[in-house]
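K.L.:
Next up is a structure, given as structure tokens.
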Amino acid sequence: DAGTAGPENIEFFIDEVIKKSRTRVFSSMHFAKQGLVITPEADDESKELKDTCREYQLDMQEKLTDAFKLAKNSSDEIKMELFETTDASEIDAIIEGQEEENEFSEMYVKLEALQDEASLEIEKLDSNSQAFKEAAAGYMIEEAELVWPYAEEYDMNPSEYLSTYIYGRQYDRSLVSDVFGYVKEYVAPNYFYISTAPSGFSWNTYEAMTSKSIANDSNPIPGNILDEYINYVGGDLKTEYDNLWNNGYYLFSANSGSLGTAYIDDGNDDMIIAFFGYGYQTVNTITHEFGHYYAATKRVGIECDESYDILETHSQSNEACFYNYLKTKKLGNTYRLIANEGYLELIASIIASSFLADVEEYCFTTKNVTKEQVIAYAN
């Protein structure tokens, strides 16, 4: 009601709408307190909702900018309430900052949508095939082409622009190549050292302990070995673990076409959501994601500008503790195999991300690069 709403109420309303719409994952209508295995139709509906919320968030941010511009020409009283200043140059700076935020949010959403679309297509291909290499190179080039026009406005290349404005990296890009060299010399050899499977283990026991069939299971809670580890640690970790499965919001997708990942979303103050895509429901993955979930429970109600560089600390630390528990507290080579496989996944993720960062750096700093050039560099 424009007749009764003051500027502070308008700003609060728009801010709340933006904040709530950031939970653009899966609608709470598809979650049940005890966990809901969703149908392909519900999965598709959720993806449509996600896209709608993305567009809504950007639209509301633009409306906020328009409101700022109108307020700029309003009375000093309104300026003081909205901007806490009547100084024209300060107000211009606030508006300019809001316009930049709109640009960065729009870029992030475009990149996220491009990634979602590409990952679904690329994961259908044989990772050893030429088609896979071409699709992956094509995705990187499409990313670079999307970013170049924005980056050039800041006299940057896409790598510098994304690092500075989109992902908030807090280090110089030259360090990426240093890390790549470190991983190549010290981390990669450990992969081959650990990769020899111990003798005397049972593949059937291994499969039973690490995977969960959810096709006909409406309550797909992980197996006993993760429960045992959590009980062993106890304390607040166990409290939050029990809260997730008994009172929380989690989703194990039964749709083979669902997004190929698992993740935690805590963009909504009232809800932390755990999502496990089809094929991403092993005990290792659940252990990893619970590390994220536990960290999210500590951020509730707290404004937290967390660096992307430490986002995996909580999850991988929880994995490492779990694998150490298996190797030191459990007997038998099947447990040792589970731990070794887990360590291998952690090391492989470091090798893969370092490799991808290096290839991306090449792709994002070489203008008009071709698929053939990217594949040749990767090889």
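Just remember, in the structure tokens the first chain shown is A, the second B, etc., residues are 1-based per chain, and ligands are 1-based in the order shown.
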List as a short mmCIF file (atom, residue, chain, number, x, y, z; two decimals) with N, CA, C and O atoms, in the first residue's frame the protein and nucleic acid residues near Gly138 (chain A), meaning an atom at most 10 Å away when only C-alpha atoms are counted, but skip any in the same chain fewer than 2 places from it.
P.N.:
data_model
loop_
_atom_site.label_atom_id
_atom_site.label_comp_id
_atom_site.auth_asym_id
_atom_site.auth_seq_id
_atom_site.Cartn_x
_atom_site.Cartn_y
_atom_site.Cartn_z
N ALA A 118 24.62 -28.17 -18.94
CA ALA A 118 25.78 -28.88 -19.50
C ALA A 118 26.06 -30.18 -18.75
O ALA A 118 26.37 -31.20 -19.36
N PHE A 132 32.86 -36.75 -25.32
CA PHE A 132 32.91 -36.19 -23.96
C PHE A 132 33.89 -35.02 -23.92
O PHE A 132 33.58 -33.95 -23.37
N LYS A 133 35.08 -35.21 -24.49
CA LYS A 133 36.09 -34.15 -24.49
C LYS A 133 35.58 -32.90 -25.21
O LYS A 133 35.77 -31.77 -24.75
N GLU A 134 34.93 -33.12 -26.35
CA GLU A 134 34.42 -31.99 -27.12
C GLU A 134 33.30 -31.26 -26.37
O GLU A 134 33.23 -30.03 -26.39
N ALA A 135 32.43 -32.03 -25.71
CA ALA A 135 31.33 -31.41 -24.95
C ALA A 135 31.87 -30.61 -23.77
O ALA A 135 31.41 -29.49 -23.49
N ALA A 136 32.86 -31.17 -23.06
CA ALA A 136 33.45 -30.47 -21.91
C ALA A 136 34.18 -29.21 -22.36
O ALA A 136 34.05 -28.14 -21.74
N MET A 140 33.29 -25.14 -21.48
CA MET A 140 34.24 -24.13 -20.99
C MET A 140 34.27 -22.91 -21.92
O MET A 140 34.32 -21.77 -21.46
N ILE A 141 34.26 -23.16 -23.22
CA ILE A 141 34.30 -22.07 -24.19
C ILE A 141 33.03 -21.23 -24.09
O ILE A 141 33.06 -20.00 -24.15
N GLU A 142 31.89 -21.90 -23.92
CA GLU A 142 30.62 -21.18 -23.78
C GLU A 142 30.63 -20.31 -22.53
O GLU A 142 30.13 -19.18 -22.55
N GLU A 143 31.20 -20.83 -21.44
CA GLU A 143 31.37 -20.03 -20.22
C GLU A 143 32.19 -18.78 -20.51
O GLU A 143 31.83 -17.66 -20.14
N ALA A 144 33.35 -18.98 -21.17
CA ALA A 144 34.26 -17.88 -21.46
C ALA A 144 33.59 -16.82 -22.34
O ALA A 144 33.69 -15.62 -22.09
N THR A 370 39.58 -22.38 -29.42
CA THR A 370 38.77 -23.41 -30.07
C THR A 370 38.73 -24.68 -29.22
O THR A 370 39.56 -24.89 -28.33
N LYS A 371 37.77 -25.56 -29.54
CA LYS A 371 37.69 -26.85 -28.84
C LYS A 371 38.97 -27.64 -29.01
O LYS A 371 39.47 -28.26 -28.06
N GLU A 372 39.52 -27.61 -30.23
CA GLU A 372 40.74 -28.38 -30.51
C GLU A 372 41.89 -27.89 -29.63
O GLU A 372 42.68 -28.70 -29.11
N VAL A 374 41.64 -26.35 -26.68
CA VAL A 374 41.39 -26.70 -25.27
C VAL A 374 41.71 -28.17 -25.02
O VAL A 374 42.35 -28.54 -24.03
N ILE A 375 41.27 -29.05 -25.94
CA ILE A 375 41.53 -30.50 -25.79
C ILE A 375 43.02 -30.77 -25.86
O ILE A 375 43.55 -31.56 -25.07
#
K.L.:
Between A:Ile350, A:Ala137, A:Leu125, A:Leu311, single out the one closest to Cys363 (chain A), counting only C-alpha atoms.
P.N.:
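Counting only C-alpha atoms, the residue closest to Cys363 (chain A) is A:Ala137.
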K.L.:
Show me, as a short mmCIF file (atom, residue, chain, number, x, y, z; two decimals) with N, CA and C atoms, in the first residue's frame, the residues that have an atom within 12 Å of Lys79 (chain A) when counting only C-alpha atoms, minus same-chain residues fewer than 5 positions from it.
P.N.:
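That gives us part.cif:
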data_model
loop_
_atom_site.label_atom_id
_atom_site.label_comp_id
_atom_site.auth_asym_id
_atom_site.auth_seq_id
_atom_site.Cartn_x
_atom_site.Cartn_y
_atom_site.Cartn_z
N GLY A 6 6.18 3.08 4.41
CA GLY A 6 7.34 3.95 4.37
C GLY A 6 8.46 3.31 3.57
N PRO A 7 9.48 4.09 3.21
CA PRO A 7 10.57 3.55 2.40
C PRO A 7 11.31 2.40 3.07
N GLU A 8 11.42 2.45 4.42
CA GLU A 8 12.13 1.38 5.10
C GLU A 8 11.34 0.07 4.99
N ALA A 67 13.61 1.45 -7.32
CA ALA A 67 13.11 2.17 -6.14
C ALA A 67 14.15 3.15 -5.61
N PHE A 68 15.42 2.73 -5.63
CA PHE A 68 16.51 3.63 -5.21
C PHE A 68 16.57 4.87 -6.10
N LYS A 69 16.43 4.66 -7.41
CA LYS A 69 16.52 5.79 -8.33
C LYS A 69 15.37 6.77 -8.11
N LEU A 70 14.18 6.24 -7.83
CA LEU A 70 13.04 7.13 -7.54
C LEU A 70 13.27 7.88 -6.23
N ALA A 71 13.80 7.18 -5.25
CA ALA A 71 14.02 7.81 -3.94
C ALA A 71 15.08 8.89 -4.02
N LYS A 72 15.99 8.76 -4.98
CA LYS A 72 17.06 9.77 -5.14
C LYS A 72 16.48 11.16 -5.35
N ASN A 73 15.31 11.23 -6.00
CA ASN A 73 14.68 12.52 -6.29
C ASN A 73 13.54 12.84 -5.32
N SER A 74 13.51 12.11 -4.20
CA SER A 74 12.45 12.33 -3.22
C SER A 74 12.91 13.32 -2.15
N GLU A 84 20.25 6.78 4.61
CA GLU A 84 20.92 7.33 5.80
C GLU A 84 21.86 8.46 5.43
N THR A 85 21.57 9.14 4.32
CA THR A 85 22.33 10.31 3.89
C THR A 85 21.51 11.10 2.87
N THR A 86 21.80 12.37 2.76
CA THR A 86 21.18 13.19 1.70
C THR A 86 22.23 13.63 0.70
N ASP A 87 23.47 13.20 0.90
CA ASP A 87 24.57 13.58 0.02
C ASP A 87 24.40 12.88 -1.34
N ALA A 88 24.29 13.68 -2.41
CA ALA A 88 24.01 13.14 -3.75
C ALA A 88 25.07 12.16 -4.21
N GLU A 90 27.06 10.26 -2.38
CA GLU A 90 26.96 9.01 -1.61
C GLU A 90 25.79 8.17 -2.12
N ILE A 91 24.68 8.84 -2.41
CA ILE A 91 23.51 8.12 -2.93
C ILE A 91 23.81 7.51 -4.30
N ASP A 92 24.51 8.26 -5.15
CA ASP A 92 24.90 7.73 -6.47
C ASP A 92 25.77 6.48 -6.31
N ILE A 94 25.72 4.36 -3.80
CA ILE A 94 24.86 3.27 -3.35
C ILE A 94 24.11 2.65 -4.52
#
K.L.:
Write out as a PyMOL selection string all residues of region 94-310 of chain A that backbone DSSP assigns to strand (DSSP E).
P.N.:
chain A and resi 249-252+262-268+271-276
K.L.:
Residues within 9 Å of Tyr325 (chain A), please, as a list in words. Count only C-alpha atoms; anything in the same chain fewer than 6 positions from it doesn't count.
P.N.:
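Residues near the query, excluding close chain neighbours: Tyr229, Tyr232 and Ala339 of chain A.
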